[in-house]
Amino acid sequence: PEAAAVTPDGSLLFVVNAESDSVSIIDTKTKAVVKEIKVGDWPCSVKITKDGKTAYVTCSGCMWEYVDIIDVAKQEKTGSIKLTNYGPRDIALSPDGKTAAVVNDTVGSFNRTVNFIDLNTKQVTEKRVIRESANLRAIEYTPDGAFVVVTYESPKNWLPVCEAENGEVFTNNIAVLETKPGGKVA
């Protein structure tokens, strides 16, 4: 298990299983797995809409560049959203439920990205770069929906490898991105 999300009514728990490329749906009353759904490579995050109808799963493995969509009532994968880069690590759903933001931790790049998605059309509307970043892990909207906050690391170049043990190769950071089109990244 890599991450989990519960439906708004508390009846079901969705657990993403990285090694088996699946989502387990668990009945919270009986504590039994009621369904196992195959998804993309190495699922690492799941979020459920406020209305409890849809679950979105990010999968960060082996060049995967999609967010998988699960219909909660049918308990099946019904589609996916193609991203601009591979390696989606986390997804955040906007407070109004109209958009999502996904962090892409593309391997081999120092300029990781955030994709903004229109959930109605299931299309990426904008890609933003977080310059000189690595290991993007979590993303969340502010309550007013005006910003998303991303946790990540910045590499410090030209340090000896022995400094890695002391935590001196990377610095821990938070990026703040305006959600309006063309917004700033700080």
# chains A, B, ... in the order shown; residues from 1 in each chain; ligands from 1

$ residues_around --residues "Lys127 (chain A)" --least-positions-apart "3" --cutoff "7 Å" --atoms "only C-alpha atoms" --output "PDB file with N, CA, C and O atoms, in the first residue's frame"
ATOM      1  N   THR A 113       7.357  19.287 -13.269  1.00  0.00           N
ATOM      2  CA  THR A 113       6.198  20.061 -13.707  1.00  0.00           C
ATOM      3  C   THR A 113       4.948  19.804 -12.882  1.00  0.00           C
ATOM      4  O   THR A 113       4.829  18.784 -12.209  1.00  0.00           O
ATOM      5  N   VAL A 114       4.016  20.748 -13.018  1.00  0.00           N
ATOM      6  CA  VAL A 114       2.655  20.623 -12.505  1.00  0.00           C
ATOM      7  C   VAL A 114       1.722  20.766 -13.697  1.00  0.00           C
ATOM      8  O   VAL A 114       1.856  21.701 -14.489  1.00  0.00           O
ATOM      9  N   ASN A 115       0.796  19.813 -13.842  1.00  0.00           N
ATOM     10  CA  ASN A 115      -0.236  19.904 -14.879  1.00  0.00           C
ATOM     11  C   ASN A 115      -1.546  20.312 -14.230  1.00  0.00           C
ATOM     12  O   ASN A 115      -1.947  19.734 -13.211  1.00  0.00           O
ATOM     13  N   PHE A 116      -2.215  21.308 -14.820  1.00  0.00           N
ATOM     14  CA  PHE A 116      -3.564  21.680 -14.399  1.00  0.00           C
ATOM     15  C   PHE A 116      -4.535  21.020 -15.366  1.00  0.00           C
ATOM     16  O   PHE A 116      -4.338  21.065 -16.583  1.00  0.00           O
TER      17      PHE A 116
END

$ atom_distance --atom1 "CA of Lys98 (chain A)" --atom2 "CA of Leu119 (chain A)"
5.6 Å

$ select_by_dssp --residues "region 32-185 of chain A" --states "strand (DSSP E or B)" --output "ChimeraX atom specification"
/A:32-38,43-48,54-59,66-71,76-82,88-93,99-104,112-118,123-130,134-141,147-155,170-178,185

$ write_last_selection --atoms "C-alpha atoms" --output "mmCIF file, in the first residue's frame"
data_model
loop_
_atom_site.group_PDB
_atom_site.id
_atom_site.type_symbol
_atom_site.label_atom_id
_atom_site.label_comp_id
_atom_site.auth_asym_id
_atom_site.auth_seq_id
_atom_site.Cartn_x
_atom_site.Cartn_y
_atom_site.Cartn_z
ATOM 1 C CA ALA A 32 -12.932 -6.799 3.725
ATOM 2 C CA VAL A 33 -11.568 -6.139 0.260
ATOM 3 C CA VAL A 34 -14.624 -6.066 -1.999
ATOM 4 C CA LYS A 35 -12.840 -5.337 -5.283
ATOM 5 C CA GLU A 36 -9.366 -5.153 -6.783
ATOM 6 C CA ILE A 37 -8.916 -2.882 -9.830
ATOM 7 C CA LYS A 38 -5.880 -2.942 -12.132
ATOM 8 C CA PRO A 43 0.121 3.729 -8.226
ATOM 9 C CA CYS A 44 1.157 6.182 -5.525
ATOM 10 C CA SER A 45 -1.783 8.521 -4.834
ATOM 11 C CA VAL A 46 -5.576 8.451 -4.876
ATOM 12 C CA LYS A 47 -8.107 11.237 -4.341
ATOM 13 C CA ILE A 48 -11.910 10.983 -4.309
ATOM 14 C CA THR A 54 -14.984 9.489 -8.903
ATOM 15 C CA ALA A 55 -11.534 8.433 -7.731
ATOM 16 C CA TYR A 56 -8.389 9.696 -9.461
ATOM 17 C CA VAL A 57 -5.217 7.595 -9.240
ATOM 18 C CA THR A 58 -1.687 8.735 -10.112
ATOM 19 C CA CYS A 59 0.879 6.117 -11.141
ATOM 20 C CA TYR A 66 -1.718 9.121 -17.131
ATOM 21 C CA VAL A 67 -4.116 9.717 -14.281
ATOM 22 C CA ASP A 68 -6.478 6.751 -14.051
ATOM 23 C CA ILE A 69 -10.175 7.386 -13.424
ATOM 24 C CA ILE A 70 -12.321 5.033 -11.341
ATOM 25 C CA ASP A 71 -16.116 5.150 -11.168
ATOM 26 C CA GLU A 76 -14.178 -0.048 -12.204
ATOM 27 C CA LYS A 77 -11.608 1.925 -14.146
ATOM 28 C CA THR A 78 -13.471 3.993 -16.734
ATOM 29 C CA GLY A 79 -10.714 5.984 -18.385
ATOM 30 C CA SER A 80 -7.560 8.013 -18.005
ATOM 31 C CA ILE A 81 -6.215 11.517 -18.518
ATOM 32 C CA LYS A 82 -3.009 11.933 -20.557
ATOM 33 C CA PRO A 88 2.730 11.692 -11.784
ATOM 34 C CA ARG A 89 3.215 11.426 -8.006
ATOM 35 C CA ASP A 90 0.184 13.157 -6.522
ATOM 36 C CA ILE A 91 -3.076 14.830 -7.516
ATOM 37 C CA ALA A 92 -5.060 17.565 -5.782
ATOM 38 C CA LEU A 93 -8.701 18.372 -6.491
ATOM 39 C CA THR A 99 -9.973 21.307 -11.806
ATOM 40 C CA ALA A 100 -7.117 19.148 -10.612
ATOM 41 C CA ALA A 101 -3.392 19.713 -10.287
ATOM 42 C CA VAL A 102 -0.866 16.892 -10.743
ATOM 43 C CA VAL A 103 2.840 16.879 -9.881
ATOM 44 C CA ASN A 104 5.021 15.059 -12.427
ATOM 45 C CA ARG A 112 9.722 19.013 -12.756
ATOM 46 C CA THR A 113 6.198 20.061 -13.707
ATOM 47 C CA VAL A 114 2.655 20.623 -12.505
ATOM 48 C CA ASN A 115 -0.236 19.904 -14.879
ATOM 49 C CA PHE A 116 -3.564 21.680 -14.399
ATOM 50 C CA ILE A 117 -6.522 19.619 -15.618
ATOM 51 C CA ASP A 118 -10.086 20.574 -16.529
ATOM 52 C CA GLN A 123 -7.714 17.619 -20.649
ATOM 53 C CA VAL A 124 -4.536 19.292 -19.427
ATOM 54 C CA THR A 125 -5.091 23.045 -19.692
ATOM 55 C CA GLU A 126 -1.636 24.180 -18.627
ATOM 56 C CA LYS A 127 1.814 22.886 -17.703
ATOM 57 C CA ARG A 128 3.949 24.820 -15.223
ATOM 58 C CA VAL A 129 7.611 24.192 -14.510
ATOM 59 C CA ILE A 130 9.154 24.277 -11.050
ATOM 60 C CA ALA A 134 13.529 17.205 -7.795
ATOM 61 C CA ASN A 135 11.439 14.678 -5.926
ATOM 62 C CA LEU A 136 8.060 16.400 -6.209
ATOM 63 C CA ARG A 137 5.872 14.478 -3.805
ATOM 64 C CA ALA A 138 2.722 16.199 -2.579
ATOM 65 C CA ILE A 139 0.347 18.855 -3.892
ATOM 66 C CA GLU A 140 -2.637 20.556 -2.292
ATOM 67 C CA TYR A 141 -4.980 23.439 -3.116
ATOM 68 C CA PHE A 147 -2.921 28.549 -5.098
ATOM 69 C CA VAL A 148 -1.480 25.059 -5.042
ATOM 70 C CA VAL A 149 1.388 24.154 -2.745
ATOM 71 C CA VAL A 150 3.966 21.526 -3.769
ATOM 72 C CA THR A 151 6.584 19.804 -1.612
ATOM 73 C CA TYR A 152 9.918 19.046 -3.305
ATOM 74 C CA GLU A 153 13.695 19.045 -3.063
ATOM 75 C CA SER A 154 16.281 21.174 -4.860
ATOM 76 C CA PRO A 155 19.595 19.600 -5.784
ATOM 77 C CA PHE A 170 19.302 18.385 -1.404
ATOM 78 C CA THR A 171 17.395 21.170 0.296
ATOM 79 C CA ASN A 172 13.743 20.727 1.217
ATOM 80 C CA ASN A 173 11.368 23.234 -0.340
ATOM 81 C CA ILE A 174 7.779 24.229 -0.883
ATOM 82 C CA ALA A 175 6.633 25.817 -4.136
ATOM 83 C CA VAL A 176 3.514 27.976 -4.346
ATOM 84 C CA LEU A 177 1.787 28.259 -7.722
ATOM 85 C CA GLU A 178 -1.026 30.629 -8.622
ATOM 86 C CA VAL A 185 5.523 30.039 -9.478
#

$ closest_residue --among "A:Pro143, A:Gly87, A:Gly52, A:Pro95" --to "Gly10 (chain A)" --atoms "only C-alpha atoms"
A:Gly52

$ atom_distance --atom1 "CA of Lys74 (chain A)" --atom2 "CA of Ile25 (chain A)"
11.5 Å

$ closest_residue --among "A:Cys62, A:Ala146, A:Ile26, A:Val72" --to "Asp105 (chain A)" --atoms "only C-alpha atoms"
A:Cys62

$ residues_around --residues "Ala4 (chain A)" --least-positions-apart "6" --cutoff "7 Å" --atoms "only C-alpha atoms" --output "PDB file with N, CA, C and O atoms, in the first residue's frame"
ATOM      1  N   LEU A  13     -12.947   2.448   1.484  1.00  0.00           N
ATOM      2  CA  LEU A  13     -11.577   2.918   1.525  1.00  0.00           C
ATOM      3  C   LEU A  13     -10.873   2.433   0.262  1.00  0.00           C
ATOM      4  O   LEU A  13     -10.909   1.240  -0.039  1.00  0.00           O
ATOM      5  N   PHE A  14     -10.291   3.367  -0.492  1.00  0.00           N
ATOM      6  CA  PHE A  14      -9.535   3.033  -1.699  1.00  0.00           C
ATOM      7  C   PHE A  14      -8.056   3.056  -1.332  1.00  0.00           C
ATOM      8  O   PHE A  14      -7.550   4.082  -0.872  1.00  0.00           O
ATOM      9  N   VAL A  15      -7.367   1.944  -1.548  1.00  0.00           N
ATOM     10  CA  VAL A  15      -5.949   1.822  -1.216  1.00  0.00           C
ATOM     11  C   VAL A  15      -5.181   1.506  -2.499  1.00  0.00           C
ATOM     12  O   VAL A  15      -5.505   0.539  -3.193  1.00  0.00           O
ATOM     13  N   VAL A  16      -4.167   2.338  -2.828  1.00  0.00           N
ATOM     14  CA  VAL A  16      -3.346   2.072  -4.007  1.00  0.00           C
ATOM     15  C   VAL A  16      -2.174   1.187  -3.604  1.00  0.00           C
ATOM     16  O   VAL A  16      -1.509   1.433  -2.605  1.00  0.00           O
ATOM     17  N   VAL A  46      -4.160   8.550  -4.495  1.00  0.00           N
ATOM     18  CA  VAL A  46      -5.576   8.451  -4.876  1.00  0.00           C
ATOM     19  C   VAL A  46      -6.342   9.564  -4.168  1.00  0.00           C
ATOM     20  O   VAL A  46      -6.097   9.849  -2.996  1.00  0.00           O
TER      21      VAL A  46
END

$ atom_distance --atom1 "CA of Ser20 (chain A)" --atom2 "CA of Leu83 (chain A)"
22.4 Å
